[in-house]
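Read through the structure below, which is laid out as structure tokens, and then see the notes.
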Amino acid sequence: MVTDIRTRLLGRDVSFPVEESRLAYWLVVMRLIVGWWFLHAGLDKFLAWPFDASWFVGGAAAQTTLGPILVLFSDGILLSFTNVMVPLGQTLIGLGLIVGALTRLAAFFGAFLMTFFYFVNGETGGWSHGVVTGDLLGLLIFAMIATLGAGRVLGVDAYLARTEFVRDHPRLRYFIG
Amino acid sequence: MTQLTTAERIALYGGGGLLLIGTLGIGLLEIVAGAPHPVSGEGQIVHETLVPLSVRSSIMLLGLLLWGVYAASSVAREPPADTSI
């Protein structure tokens with residue numbers, strides 16, 4: 001089946017048809033692969049515990065655009081917080097995307113983390129292969145997953161959307177897929 | 001038919017525009033008017049840029065920030081209708 005997306009952009013009618021089954025297929029494929037990317041990154045850090053992020057939030061990262069924020073997390077309790085939250089965040093984001101639970105929230109925080117990875121990895125490497133890197137593309141895929149609400153397709157969010165709690169609190173639709 | 005509100009236009013066109021300037025716009029400028037990028041002995045491309053990399057990064061960061069603020073502020077707006085339930 002084909003559905004019509006009817007909308008305007010930059011003052012022009014940009015309506016276009018979308019093949020529904022292919023869109024649903026791609027949403028699930030993207031969600032699973034990006035989800036595994038983050039779940040693996042998180043679990044990997046837990047399996048090799050302790051994780052030390054001081055190289056990322058201090059050192060060379062201090063000279064980057066995000067350096068003034070990152071150095072605040074380079075020692076003491078904020079470094080301990082970062083050491084736990086990076087692997088925990090990656091694991092939860094990955095799990096959320098794979099099972100399609102709180103998909104938009106997971107994708108938002110995925111894009112949030114990728115912003116730091118993108119600028120620190122890019123700037124410390126001198127953008128040696130250009131500014132469009134895998135990190136930026138990962139960030140854009142997270143933004144796309146959040147925009148399209150991919151959690152409804154073979155995901156827990158399809159169930160969550162029907163619960164009385166979400167019906168009574170419709171603002172929660174911004175967090176689920 | 002749906003269309004963007006004024007606030008959405010500022011956030012989405014502004015954020016996307018800044019990102020496009022940072023990637024495509026400055027990228028094209030560097031190709032047309034910038035220095036060629038010689039490759040070092042280690043295979044690393046040595047950058048001598050027309051637009052300082054920190055300026056380029058800041059433009060892109062501002063674009064991402066606009067997107068982020070738009071996404072975070074969505075929660076305060078009227079929740080979307082759900083046709084699936």
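Chain identifiers are assigned as A, B, and so on, following the order in which chains appear in the structure tokens; residues are numbered from 1 within each chain, and ligands are numbered from 1 in order of appearance.
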
Practice problem: May I ask you to extract the residues of chain A within 9 Å of chain B, using only C-alpha atoms, and to give them as JSON, numbers by chain? | Solution: {"A": [5, 6, 7, 8, 9, 10, 11, 15, 64, 65, 66, 108, 111, 112, 115, 119, 123, 126, 127, 128, 129, 130, 131, 132, 158, 161, 162, 167, 170, 171, 172, 173, 174, 175]}

I need the residues from that last selection saved to file as a compact mmCIF listing (two decimals), in the first residue's frame (with N, CA and C atoms), if you can.
```txt
# COMPACT_ATOMS: atom_id res chain seq x y z
N ILE A 5 2.03 11.49 1.87
CA ILE A 5 2.46 12.46 2.88
C ILE A 5 2.10 13.83 2.31
N ARG A 6 1.17 14.50 2.94
CA ARG A 6 0.71 15.78 2.40
C ARG A 6 1.21 16.90 3.30
N THR A 7 2.16 17.66 2.80
CA THR A 7 2.73 18.73 3.62
C THR A 7 3.37 19.81 2.75
N ARG A 8 3.71 20.93 3.43
CA ARG A 8 4.38 22.05 2.75
C ARG A 8 5.72 22.30 3.41
N LEU A 9 6.70 22.69 2.62
CA LEU A 9 8.03 22.99 3.12
C LEU A 9 8.60 24.15 2.30
N LEU A 10 9.21 25.13 2.98
CA LEU A 10 9.75 26.32 2.31
C LEU A 10 8.69 26.97 1.41
N GLY A 11 7.43 26.96 1.91
CA GLY A 11 6.36 27.64 1.18
C GLY A 11 5.83 26.88 -0.02
N SER A 15 4.14 17.43 -1.13
CA SER A 15 3.49 16.15 -0.87
C SER A 15 4.12 15.06 -1.73
N THR A 64 38.81 21.33 22.45
CA THR A 64 37.75 21.30 21.43
C THR A 64 36.66 22.32 21.75
N THR A 65 35.71 22.47 20.82
CA THR A 65 34.62 23.43 20.99
C THR A 65 33.83 23.15 22.26
N LEU A 66 33.66 21.86 22.58
CA LEU A 66 32.90 21.49 23.77
C LEU A 66 33.79 21.38 25.01
N PHE A 108 16.73 10.52 21.36
CA PHE A 108 17.14 11.88 21.73
C PHE A 108 18.47 11.84 22.48
N ALA A 111 21.36 10.94 20.23
CA ALA A 111 21.85 12.10 19.48
C ALA A 111 22.65 13.02 20.40
N PHE A 112 22.21 13.15 21.65
CA PHE A 112 22.91 13.99 22.63
C PHE A 112 24.34 13.47 22.85
N THR A 115 26.62 13.98 19.83
CA THR A 115 27.11 15.35 19.66
C THR A 115 28.49 15.48 20.30
N PHE A 119 32.12 15.94 18.03
CA PHE A 119 33.03 17.08 18.10
C PHE A 119 34.38 16.69 18.71
N GLU A 123 37.40 16.92 16.18
CA GLU A 123 38.35 18.01 16.39
C GLU A 123 39.71 17.52 16.86
N GLY A 126 41.54 16.44 13.97
CA GLY A 126 41.76 17.47 12.95
C GLY A 126 40.85 17.30 11.75
N TRP A 127 39.69 16.64 11.92
CA TRP A 127 38.75 16.39 10.82
C TRP A 127 39.52 15.84 9.62
N SER A 128 40.41 14.90 9.87
CA SER A 128 41.32 14.46 8.81
C SER A 128 40.61 13.85 7.60
N HIS A 129 39.38 13.39 7.78
CA HIS A 129 38.66 12.86 6.61
C HIS A 129 37.40 13.66 6.35
N GLY A 130 37.43 14.96 6.68
CA GLY A 130 36.27 15.81 6.45
C GLY A 130 35.36 15.89 7.66
N VAL A 131 34.39 16.81 7.60
CA VAL A 131 33.52 17.02 8.77
C VAL A 131 32.32 16.08 8.79
N VAL A 132 32.04 15.42 7.68
CA VAL A 132 30.93 14.46 7.69
C VAL A 132 31.52 13.09 8.05
N ALA A 158 4.31 0.30 20.73
CA ALA A 158 2.97 0.07 20.18
C ALA A 158 2.03 -0.34 21.31
N ALA A 161 1.59 2.75 23.88
CA ALA A 161 0.69 3.79 23.37
C ALA A 161 -0.76 3.49 23.71
N ARG A 162 -1.08 2.18 23.84
CA ARG A 162 -2.47 1.79 24.11
C ARG A 162 -2.80 1.72 25.59
N ARG A 167 -2.69 7.12 27.58
CA ARG A 167 -3.90 7.82 27.11
C ARG A 167 -4.25 8.97 28.04
N PRO A 170 -1.18 12.20 27.53
CA PRO A 170 -0.80 12.16 26.11
C PRO A 170 0.56 12.79 25.80
N ARG A 171 1.07 13.62 26.72
CA ARG A 171 2.38 14.23 26.49
C ARG A 171 3.49 13.16 26.43
N LEU A 172 3.21 12.01 27.03
CA LEU A 172 4.19 10.91 27.01
C LEU A 172 4.44 10.40 25.60
N ARG A 173 3.54 10.75 24.66
CA ARG A 173 3.74 10.33 23.26
C ARG A 173 5.02 10.93 22.68
N TYR A 174 5.51 11.99 23.32
CA TYR A 174 6.77 12.57 22.86
C TYR A 174 7.95 11.70 23.24
N PHE A 175 7.78 10.79 24.19
CA PHE A 175 8.89 9.93 24.62
C PHE A 175 8.85 8.56 23.98
```

For this session: Would you return as a PyMOL selection string the members of chain B that DSSP assigns to helix (DSSP H, G or I) on this structure's backbone?
Result: chain B and resi 6-33+53-76

What would the file look like if the residues just selected were written as an mmCIF file, in the first residue's frame with C-alpha atoms?
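In the end it all went to part.cif:
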```cif
data_model
loop_
_atom_site.group_PDB
_atom_site.id
_atom_site.type_symbol
_atom_site.label_atom_id
_atom_site.label_comp_id
_atom_site.auth_asym_id
_atom_site.auth_seq_id
_atom_site.Cartn_x
_atom_site.Cartn_y
_atom_site.Cartn_z
ATOM 1 C CA THR B 6 6.832 29.889 12.846
ATOM 2 C CA ALA B 7 8.770 28.561 15.862
ATOM 3 C CA GLU B 8 9.354 25.264 14.071
ATOM 4 C CA ARG B 9 10.566 27.115 10.982
ATOM 5 C CA ILE B 10 13.123 29.060 13.029
ATOM 6 C CA ALA B 11 14.394 25.924 14.806
ATOM 7 C CA LEU B 12 14.316 23.500 11.902
ATOM 8 C CA TYR B 13 15.317 25.798 9.035
ATOM 9 C CA GLY B 14 17.829 27.594 11.288
ATOM 10 C CA GLY B 15 19.356 24.400 12.686
ATOM 11 C CA GLY B 16 19.388 22.602 9.345
ATOM 12 C CA GLY B 17 20.671 25.717 7.579
ATOM 13 C CA LEU B 18 23.606 26.117 9.970
ATOM 14 C CA LEU B 19 24.477 22.423 9.634
ATOM 15 C CA LEU B 20 24.360 22.708 5.850
ATOM 16 C CA ILE B 21 26.571 25.821 5.952
ATOM 17 C CA GLY B 22 29.048 23.946 8.193
ATOM 18 C CA THR B 23 29.198 20.835 6.024
ATOM 19 C CA LEU B 24 28.249 21.635 2.443
ATOM 20 C CA GLY B 25 28.673 25.439 2.303
ATOM 21 C CA ILE B 26 32.117 25.758 3.876
ATOM 22 C CA GLY B 27 33.107 22.440 2.291
ATOM 23 C CA LEU B 28 32.419 23.834 -1.184
ATOM 24 C CA LEU B 29 34.214 27.079 -0.311
ATOM 25 C CA GLU B 30 37.281 25.112 0.799
ATOM 26 C CA ILE B 31 37.276 23.166 -2.467
ATOM 27 C CA VAL B 32 36.860 26.252 -4.658
ATOM 28 C CA ALA B 33 39.018 28.808 -2.813
ATOM 29 C CA LEU B 53 38.035 24.638 12.009
ATOM 30 C CA SER B 54 36.885 26.071 15.348
ATOM 31 C CA VAL B 55 34.577 28.518 13.510
ATOM 32 C CA ARG B 56 33.206 25.690 11.370
ATOM 33 C CA SER B 57 32.649 23.529 14.462
ATOM 34 C CA SER B 58 30.884 26.378 16.267
ATOM 35 C CA ILE B 59 28.501 26.956 13.339
ATOM 36 C CA MET B 60 27.597 23.260 13.282
ATOM 37 C CA LEU B 61 27.287 23.086 17.062
ATOM 38 C CA LEU B 62 24.876 26.034 16.982
ATOM 39 C CA GLY B 63 22.790 24.212 14.372
ATOM 40 C CA LEU B 64 22.661 21.055 16.495
ATOM 41 C CA LEU B 65 21.810 23.143 19.558
ATOM 42 C CA LEU B 66 18.815 24.675 17.747
ATOM 43 C CA TRP B 67 17.603 21.173 16.855
ATOM 44 C CA GLY B 68 18.160 20.002 20.437
ATOM 45 C CA VAL B 69 16.277 22.932 21.957
ATOM 46 C CA TYR B 70 13.423 22.357 19.490
ATOM 47 C CA ALA B 71 13.255 18.634 20.401
ATOM 48 C CA ALA B 72 13.410 19.296 24.151
ATOM 49 C CA SER B 73 10.808 22.077 23.975
ATOM 50 C CA SER B 74 8.412 19.796 22.052
ATOM 51 C CA VAL B 75 7.372 18.292 25.362
ATOM 52 C CA ALA B 76 5.868 21.627 26.413
#
```

Atom CA of A:Gly89 sits from atom CA of A:Ile69 at a separation of 18.5 Å

To one decimal place, how far is atom CA of A:Gly177 from atom CA of A:Val153 in Å?
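These atoms are spaced 8.6 Å apart.
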
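When atom CA of A:Met85 is paired with atom CA of A:Gly122, their separation reads 21.9 Å.
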
Requested in this report: Among the residues of stretch 3-154 of chain A, find those DSSP assigns to strand (DSSP E or B) from the backbone and print them as a list in words.
Outcome: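 For stretch 3-154 of chain A, the strand (DSSP E or B) set is Thr3, Asp4, Ile5, Thr7, Arg8, Leu9, Arg12, Asp13, Phe16, Pro17, Val18 and Glu19 of chain A.
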